[in-house]
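S.K.: Structure in structure tokens, see below.
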Amino acid sequence: MFGAVLRRQGLLRTSALRSGFMPLARYYASFPPHTVVKMPALSPTMTAGNIGAWQKKPGDTISPGEVLVEIETDKAQMDFEFQEEGVIAKILKEAGEKDVPVGNPIAVLVEEGTDIAPFENFTLADAGGDAAASAPKEEKKSDAPSDAASAPAPTPAPEPEQYSQEGKLEPALNREPNITPAAKRLAKEKGIPISSLKGTGPGGKITEEDVKKATTTAGPVASPTASYEDTPLSNMRKTIARRLQESVRENPHFFVSSQISVTKLLKLRQALNSSSDGKYKLSVNDFLIKAIAVASKKVPAANSSWTGDAIRQYNTVDVSVAVATPNGLITPIVTGVEARGLESISAKVKELAKKARENKLKPEEFQGGTISISNMGMNAAVDNFTAVINPPQAAILAVGTTKKVAVPSEDGTGVEWDDQITVTGSFDHKVVDGAVGAEWIKEFKKVVENPLELLL
């Protein structure tokens, strides 16, 4: 009998390897044959994820390609499309569970026809338990007994000075009054300076009643610290913070700005939209994305990235478009812009922006890109700004709002109004020299101010 069990285990393990999905298959005397579903790695940098809404419940059947659960990765909210078939017997991690490490059990799968009643009492321990989160590299030596014994214990963050009992010896006149712990805590909550309290307890000790009396007699007292509310960090926000810090720290930015006339571009946009019969509606950003491709083909050095031991220059222009979502900024990619027309660019941007706001982007739709654009032109208060480079890219274009600017008329007899925008290119000086960045801005300005070239 034992040999038969071993043979069945080997067959199941072989089947799992063949499918490409690596669940942990276990057999227990008290449970029918089953497969433990683990937290998947849905992006190359994902080490843990948050459990979103389960799309299947115990007793539901699932087929390859169906969504099992929504998972918030370090990049976005994504659907976990299952690649096996069977019946969900048990959910081990409920919706809302945070920071579940990759490889940890999240559910149990059985073959169709298997009785799932025994799995009501199935626990994480039966699935092998949670895997310990990998410790940071600098903590690897923390188990050494000699170092642990000699290392001083970490000190907690100091309390505000007036509530602290630590520090140097002070004269009696300056020393904190005698106060009970409960009274001290209440005074801190009410924002009442301890030095202003007079104790009526034994030996002049300040009591809770003394604090309460001070509260009623003194009236409202301003809190010594500002009120606040902490918002827990999502995995996406943590990744945004890490990547931006990395970019500012490791990429020597330089900036090139230019004022560009968009009067002709706006007229061309209006003409194209009015003749589209509702098939498309072009935005200014669609024209600018196309102009980035034209400039990048003429100055390809800006359409490059730093790999550590080489500068990689791309043959296609894949533009990462910054999109604001409720969870943070994400940059879906319009691929092959140099070969797309304005209608195709417009449709793709709208499709990707919708997916981004619904947390439905696939990894290949936001990972990569060769150059970026961040447009705040919809905010009339933003004349110009500088953007942080999206590593490993070497350039990003920041676009401000459109302004009416008085310029000399063509005949020189007066002035006329011109629609202008201010753009600022951020370049990585490791990859792009100053003169090259300036040349790229020049080519970008040229094609935007002569927008018919974008139709060629």
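Chain identifiers are assigned as A, B, and so on, following the order in which chains appear in the structure tokens; residues are numbered from 1 within each chain, and ligands are numbered from 1 in order of appearance.
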Residues near A:Ala353, anyone? I mean within 9 Å using only C-alpha atoms, not counting same-chain ones fewer than 5 positions away, as a CSV table (one decimal) with all heavy atoms, in the first residue's frame.

M.R.:
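Output file part.csv follows:
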chain,number,residue,atom,x,y,z
A,321,VAL,N,3.7,56.0,-21.2
A,321,VAL,CA,2.9,57.2,-21.0
A,321,VAL,C,2.4,57.2,-19.5
A,321,VAL,O,1.8,56.2,-19.0
A,321,VAL,CB,1.6,57.1,-21.9
A,321,VAL,CG1,0.8,58.4,-21.7
A,321,VAL,CG2,2.1,57.0,-23.4
A,323,VAL,N,0.4,57.6,-16.4
A,323,VAL,CA,-1.1,57.6,-16.1
A,323,VAL,C,-1.3,57.6,-14.6
A,323,VAL,O,-0.7,56.8,-13.9
A,323,VAL,CB,-1.8,56.4,-16.7
A,323,VAL,CG1,-3.3,56.4,-16.3
A,323,VAL,CG2,-1.6,56.4,-18.2
A,324,ALA,N,-2.0,58.6,-14.1
A,324,ALA,CA,-2.3,58.7,-12.7
A,324,ALA,C,-3.5,57.8,-12.4
A,324,ALA,O,-4.5,57.8,-13.1
A,324,ALA,CB,-2.7,60.1,-12.3
A,325,THR,N,-3.4,56.9,-11.4
A,325,THR,CA,-4.4,56.0,-10.9
A,325,THR,C,-4.7,56.2,-9.4
A,325,THR,O,-3.8,56.8,-8.8
A,325,THR,CB,-4.1,54.5,-11.2
A,325,THR,OG1,-3.1,54.1,-10.2
A,325,THR,CG2,-3.5,54.3,-12.6
A,332,PRO,N,2.0,52.7,-18.7
A,332,PRO,CA,1.7,51.7,-19.8
A,332,PRO,C,2.4,52.1,-21.1
A,332,PRO,O,2.7,53.3,-21.2
A,332,PRO,CB,0.2,51.7,-19.9
A,332,PRO,CG,-0.2,53.0,-19.3
A,332,PRO,CD,0.7,53.3,-18.3
A,348,LYS,N,-4.8,53.3,-28.7
A,348,LYS,CA,-3.9,52.5,-27.8
A,348,LYS,C,-3.8,53.2,-26.5
A,348,LYS,O,-3.9,52.5,-25.4
A,348,LYS,CB,-2.6,52.2,-28.4
A,348,LYS,CG,-1.8,51.1,-27.7
A,348,LYS,CD,-2.5,49.8,-27.8
A,348,LYS,CE,-1.7,48.7,-27.1
A,348,LYS,NZ,-2.4,47.4,-27.2
A,358,GLU,N,-8.3,50.6,-14.0
A,358,GLU,CA,-9.1,49.4,-13.5
A,358,GLU,C,-8.2,48.3,-13.0
A,358,GLU,O,-8.6,47.2,-12.7
A,358,GLU,CB,-9.9,48.9,-14.7
A,358,GLU,CG,-11.0,49.8,-15.2
A,358,GLU,CD,-11.8,49.3,-16.4
A,358,GLU,OE1,-11.3,48.2,-16.9
A,358,GLU,OE2,-12.8,49.9,-16.7

S.K.: I'd like the contact shell of stretch 269-282 of chain A - 8 Å cut-off, only C-alpha atoms, skipping same-chain residues fewer than 6 positions apart - returned as JSON, numbers by chain.

M.R.: {"A": [342, 343, 346, 347]}

S.K.: Kindly save the residues from that selection, with C-alpha atoms included, as a PDB file, in the first residue's frame.

M.R.:
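The new file result38.pdb reads:
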ATOM      1  CA  LEU A 342      -2.201  59.142 -34.944  1.00  0.00           C
ATOM      2  CA  GLU A 343      -5.484  57.196 -34.870  1.00  0.00           C
ATOM      3  CA  SER A 346      -4.926  57.539 -29.770  1.00  0.00           C
ATOM      4  CA  ALA A 347      -6.827  54.242 -29.561  1.00  0.00           C
TER       5      ALA A 347
END

S.K.: Contacts of A:Ala183 at 10 Å or less, counting only C-alpha atoms, minus same-chain residues fewer than 3 places along, as a list in words?

M.R.: Ile179, Thr180, Leu186, Ala187, Lys188, Glu189, Ile194, Lys205, Ile206, Thr207, Glu208, Glu209, Asp210, Val211 and Lys212 of chain A

S.K.: At what distance in Å, to one decimal, does atom CA of A:Val110 lie from atom CA of A:Pro33?

M.R.: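 Interatomic distance, atom CA of A:Pro33 to atom CA of A:Val110: 6.8 Å.
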
S.K.: Can you measure atom CA of A:Pro105 to atom CA of A:Lys238 for me? One decimal in Å is fine.

M.R.: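 We find that atom CA of A:Pro105 and atom CA of A:Lys238 lie 23.7 Å from each other.
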
S.K.: List every residue of stretch 161-326 of chain A that DSSP, applied to the backbone of this structure, places in strand (DSSP E), and write the result as a ChimeraX atom specification.

M.R.: /A:253-261,304-306,311-313,319-321,323-325

S.K.: Please, could you write that set of residues out with N, CA, C and O atoms as a PDB file, in the first residue's frame?

M.R.:
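Listed below is the output, part.pdb:
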ATOM      1  N   HIS A 253      20.749  63.383 -13.552  1.00  0.00           N
ATOM      2  CA  HIS A 253      19.793  64.068 -14.422  1.00  0.00           C
ATOM      3  C   HIS A 253      20.355  65.404 -14.919  1.00  0.00           C
ATOM      4  O   HIS A 253      21.033  66.114 -14.189  1.00  0.00           O
ATOM      5  N   PHE A 254      20.070  65.742 -16.170  1.00  0.00           N
ATOM      6  CA  PHE A 254      20.191  67.131 -16.610  1.00  0.00           C
ATOM      7  C   PHE A 254      18.935  67.465 -17.410  1.00  0.00           C
ATOM      8  O   PHE A 254      18.256  66.579 -17.928  1.00  0.00           O
ATOM      9  N   PHE A 255      18.606  68.743 -17.466  1.00  0.00           N
ATOM     10  CA  PHE A 255      17.306  69.161 -17.984  1.00  0.00           C
ATOM     11  C   PHE A 255      17.471  70.176 -19.117  1.00  0.00           C
ATOM     12  O   PHE A 255      18.317  71.067 -19.048  1.00  0.00           O
ATOM     13  N   VAL A 256      16.646  70.020 -20.155  1.00  0.00           N
ATOM     14  CA  VAL A 256      16.634  70.945 -21.289  1.00  0.00           C
ATOM     15  C   VAL A 256      15.182  71.370 -21.528  1.00  0.00           C
ATOM     16  O   VAL A 256      14.318  70.517 -21.747  1.00  0.00           O
ATOM     17  N   SER A 257      14.923  72.678 -21.486  1.00  0.00           N
ATOM     18  CA  SER A 257      13.554  73.192 -21.647  1.00  0.00           C
ATOM     19  C   SER A 257      13.424  73.992 -22.934  1.00  0.00           C
ATOM     20  O   SER A 257      14.404  74.565 -23.430  1.00  0.00           O
ATOM     21  N   SER A 258      12.196  74.048 -23.444  1.00  0.00           N
ATOM     22  CA  SER A 258      11.943  74.824 -24.654  1.00  0.00           C
ATOM     23  C   SER A 258      10.472  75.233 -24.696  1.00  0.00           C
ATOM     24  O   SER A 258       9.597  74.456 -24.300  1.00  0.00           O
ATOM     25  N   GLN A 259      10.218  76.471 -25.154  1.00  0.00           N
ATOM     26  CA  GLN A 259       8.851  76.919 -25.412  1.00  0.00           C
ATOM     27  C   GLN A 259       8.513  76.608 -26.859  1.00  0.00           C
ATOM     28  O   GLN A 259       9.268  76.967 -27.768  1.00  0.00           O
ATOM     29  N   ILE A 260       7.379  75.946 -27.073  1.00  0.00           N
ATOM     30  CA  ILE A 260       7.034  75.455 -28.405  1.00  0.00           C
ATOM     31  C   ILE A 260       5.651  75.968 -28.791  1.00  0.00           C
ATOM     32  O   ILE A 260       4.694  75.871 -28.006  1.00  0.00           O
ATOM     33  N   SER A 261       5.535  76.483 -30.011  1.00  0.00           N
ATOM     34  CA  SER A 261       4.236  76.920 -30.519  1.00  0.00           C
ATOM     35  C   SER A 261       3.411  75.706 -30.930  1.00  0.00           C
ATOM     36  O   SER A 261       3.898  74.823 -31.653  1.00  0.00           O
ATOM     37  N   SER A 304      17.689  55.318 -25.682  1.00  0.00           N
ATOM     38  CA  SER A 304      18.659  54.309 -25.252  1.00  0.00           C
ATOM     39  C   SER A 304      18.500  54.030 -23.765  1.00  0.00           C
ATOM     40  O   SER A 304      17.736  54.707 -23.064  1.00  0.00           O
ATOM     41  N   SER A 305      19.232  53.045 -23.279  1.00  0.00           N
ATOM     42  CA  SER A 305      19.216  52.744 -21.844  1.00  0.00           C
ATOM     43  C   SER A 305      20.595  52.291 -21.396  1.00  0.00           C
ATOM     44  O   SER A 305      21.440  51.882 -22.200  1.00  0.00           O
ATOM     45  N   TRP A 306      20.799  52.388 -20.087  1.00  0.00           N
ATOM     46  CA  TRP A 306      22.069  52.012 -19.449  1.00  0.00           C
ATOM     47  C   TRP A 306      21.931  50.590 -18.935  1.00  0.00           C
ATOM     48  O   TRP A 306      21.038  50.283 -18.147  1.00  0.00           O
ATOM     49  N   ILE A 311      25.706  50.687 -23.429  1.00  0.00           N
ATOM     50  CA  ILE A 311      24.562  51.560 -23.696  1.00  0.00           C
ATOM     51  C   ILE A 311      23.753  50.901 -24.806  1.00  0.00           C
ATOM     52  O   ILE A 311      24.268  50.663 -25.908  1.00  0.00           O
ATOM     53  N   ARG A 312      22.520  50.562 -24.502  1.00  0.00           N
ATOM     54  CA  ARG A 312      21.673  49.854 -25.464  1.00  0.00           C
ATOM     55  C   ARG A 312      20.815  50.863 -26.212  1.00  0.00           C
ATOM     56  O   ARG A 312      19.995  51.564 -25.623  1.00  0.00           O
ATOM     57  N   GLN A 313      21.002  50.935 -27.540  1.00  0.00           N
ATOM     58  CA  GLN A 313      20.234  51.857 -28.380  1.00  0.00           C
ATOM     59  C   GLN A 313      19.151  51.062 -29.097  1.00  0.00           C
ATOM     60  O   GLN A 313      19.433  50.074 -29.775  1.00  0.00           O
ATOM     61  N   VAL A 319       6.938  54.132 -26.279  1.00  0.00           N
ATOM     62  CA  VAL A 319       6.754  55.281 -25.395  1.00  0.00           C
ATOM     63  C   VAL A 319       5.940  54.884 -24.155  1.00  0.00           C
ATOM     64  O   VAL A 319       4.789  54.442 -24.275  1.00  0.00           O
ATOM     65  N   SER A 320       6.540  55.062 -22.979  1.00  0.00           N
ATOM     66  CA  SER A 320       5.836  54.854 -21.710  1.00  0.00           C
ATOM     67  C   SER A 320       5.066  56.136 -21.384  1.00  0.00           C
ATOM     68  O   SER A 320       5.662  57.212 -21.301  1.00  0.00           O
ATOM     69  N   VAL A 321       3.747  56.010 -21.205  1.00  0.00           N
ATOM     70  CA  VAL A 321       2.878  57.163 -20.980  1.00  0.00           C
ATOM     71  C   VAL A 321       2.448  57.164 -19.511  1.00  0.00           C
ATOM     72  O   VAL A 321       1.786  56.232 -19.046  1.00  0.00           O
ATOM     73  N   VAL A 323       0.380  57.576 -16.393  1.00  0.00           N
ATOM     74  CA  VAL A 323      -1.061  57.621 -16.122  1.00  0.00           C
ATOM     75  C   VAL A 323      -1.263  57.630 -14.610  1.00  0.00           C
ATOM     76  O   VAL A 323      -0.731  56.778 -13.891  1.00  0.00           O
ATOM     77  N   ALA A 324      -2.025  58.599 -14.116  1.00  0.00           N
ATOM     78  CA  ALA A 324      -2.330  58.672 -12.694  1.00  0.00           C
ATOM     79  C   ALA A 324      -3.510  57.755 -12.392  1.00  0.00           C
ATOM     80  O   ALA A 324      -4.542  57.822 -13.054  1.00  0.00           O
ATOM     81  N   THR A 325      -3.356  56.887 -11.384  1.00  0.00           N
ATOM     82  CA  THR A 325      -4.427  56.004 -10.943  1.00  0.00           C
ATOM     83  C   THR A 325      -4.652  56.223  -9.450  1.00  0.00           C
ATOM     84  O   THR A 325      -3.806  56.827  -8.771  1.00  0.00           O
TER      85      THR A 325
END

S.K.: Name the residues in contact with A:Asp433 at a cut-off of 10 Å, using only C-alpha atoms, excluding same-chain residues fewer than 6 positions from it; report them as number ranges by chain.

M.R.: A: 254, 301-302, 427, 439

S.K.: What is the atom CA of A:Thr370 to atom CA of A:Leu266 distance in Å?

M.R.: 27.0 Å

S.K.: Select, from A:Ile396, A:Ala125, A:Ala76, A:Met378, the residue with the minimum atom-to-atom distance to A:Ile330, counting only C-alpha atoms.

M.R.: A:Ala76

S.K.: Determine, counting only C-alpha atoms, which protein, DNA and RNA residues have an atom within 10 Å of an atom of stretch 416-420 of chain A; residues of the same chain fewer than 5 positions away are not included. Present the result as a VMD selection string.

M.R.: chain A and resid 259 to 266 400 to 410 449

S.K.: Can you write just those residues out, N, CA, C and O atoms, as a compact mmCIF listing (two decimals), in the first residue's frame?

M.R.:
# COMPACT_ATOMS: atom_id res chain seq x y z
N GLN A 259 10.22 76.47 -25.15
CA GLN A 259 8.85 76.92 -25.41
C GLN A 259 8.51 76.61 -26.86
O GLN A 259 9.27 76.97 -27.77
N ILE A 260 7.38 75.95 -27.07
CA ILE A 260 7.03 75.46 -28.40
C ILE A 260 5.65 75.97 -28.79
O ILE A 260 4.69 75.87 -28.01
N SER A 261 5.53 76.48 -30.01
CA SER A 261 4.24 76.92 -30.52
C SER A 261 3.41 75.71 -30.93
O SER A 261 3.90 74.82 -31.65
N VAL A 262 2.15 75.66 -30.46
CA VAL A 262 1.28 74.55 -30.85
C VAL A 262 0.03 75.09 -31.58
O VAL A 262 -0.96 74.36 -31.72
N THR A 263 0.11 76.30 -32.07
CA THR A 263 -1.04 76.89 -32.77
C THR A 263 -1.42 76.06 -33.99
O THR A 263 -2.59 75.72 -34.20
N LYS A 264 -0.43 75.72 -34.82
CA LYS A 264 -0.71 74.91 -36.02
C LYS A 264 -1.19 73.52 -35.63
O LYS A 264 -2.09 72.96 -36.27
N LEU A 265 -0.61 72.96 -34.59
CA LEU A 265 -0.99 71.61 -34.16
C LEU A 265 -2.44 71.59 -33.70
O LEU A 265 -3.20 70.66 -34.04
N LEU A 266 -2.87 72.62 -32.96
CA LEU A 266 -4.25 72.66 -32.48
C LEU A 266 -5.24 72.80 -33.63
O LEU A 266 -6.33 72.21 -33.61
N GLY A 400 3.96 70.93 -19.94
CA GLY A 400 3.09 71.82 -19.19
C GLY A 400 1.84 72.19 -19.98
O GLY A 400 1.60 71.68 -21.08
N THR A 401 1.05 73.09 -19.42
CA THR A 401 -0.22 73.45 -20.04
C THR A 401 -0.02 74.45 -21.19
O THR A 401 1.05 75.05 -21.34
N THR A 402 -1.07 74.62 -22.00
CA THR A 402 -1.03 75.55 -23.12
C THR A 402 -1.35 76.96 -22.63
O THR A 402 -2.30 77.17 -21.88
N LYS A 403 -0.53 77.93 -23.05
CA LYS A 403 -0.70 79.33 -22.65
C LYS A 403 -0.78 80.21 -23.89
O LYS A 403 -0.11 79.95 -24.91
N LYS A 404 -1.59 81.28 -23.80
CA LYS A 404 -1.63 82.28 -24.86
C LYS A 404 -0.48 83.26 -24.64
O LYS A 404 -0.36 83.86 -23.56
N VAL A 405 0.37 83.40 -25.64
CA VAL A 405 1.54 84.27 -25.53
C VAL A 405 1.50 85.30 -26.66
O VAL A 405 1.28 84.95 -27.83
N ALA A 406 1.74 86.57 -26.31
CA ALA A 406 1.77 87.63 -27.33
C ALA A 406 3.10 87.58 -28.06
O ALA A 406 4.17 87.60 -27.44
N VAL A 407 3.06 87.48 -29.39
CA VAL A 407 4.27 87.44 -30.21
C VAL A 407 4.13 88.48 -31.34
O VAL A 407 3.01 88.87 -31.70
N PRO A 408 5.26 88.93 -31.90
CA PRO A 408 5.17 89.89 -33.02
C PRO A 408 4.43 89.28 -34.21
O PRO A 408 4.59 88.09 -34.51
N SER A 409 3.58 90.08 -34.84
CA SER A 409 2.87 89.60 -36.02
C SER A 409 3.84 89.38 -37.16
O SER A 409 4.96 89.91 -37.17
N GLU A 410 3.42 88.62 -38.17
CA GLU A 410 4.31 88.28 -39.28
C GLU A 410 4.74 89.52 -40.07
O GLU A 410 5.86 89.58 -40.58
N GLU A 449 6.05 72.09 -34.26
CA GLU A 449 5.67 73.37 -34.85
C GLU A 449 5.35 73.25 -36.34
O GLU A 449 4.80 74.18 -36.93

S.K.: Using only C-alpha atoms, which of A:Pro58, A:Gly341, A:Pro391, A:Pro232 sits nearest A:Asp428?

M.R.: A:Pro391
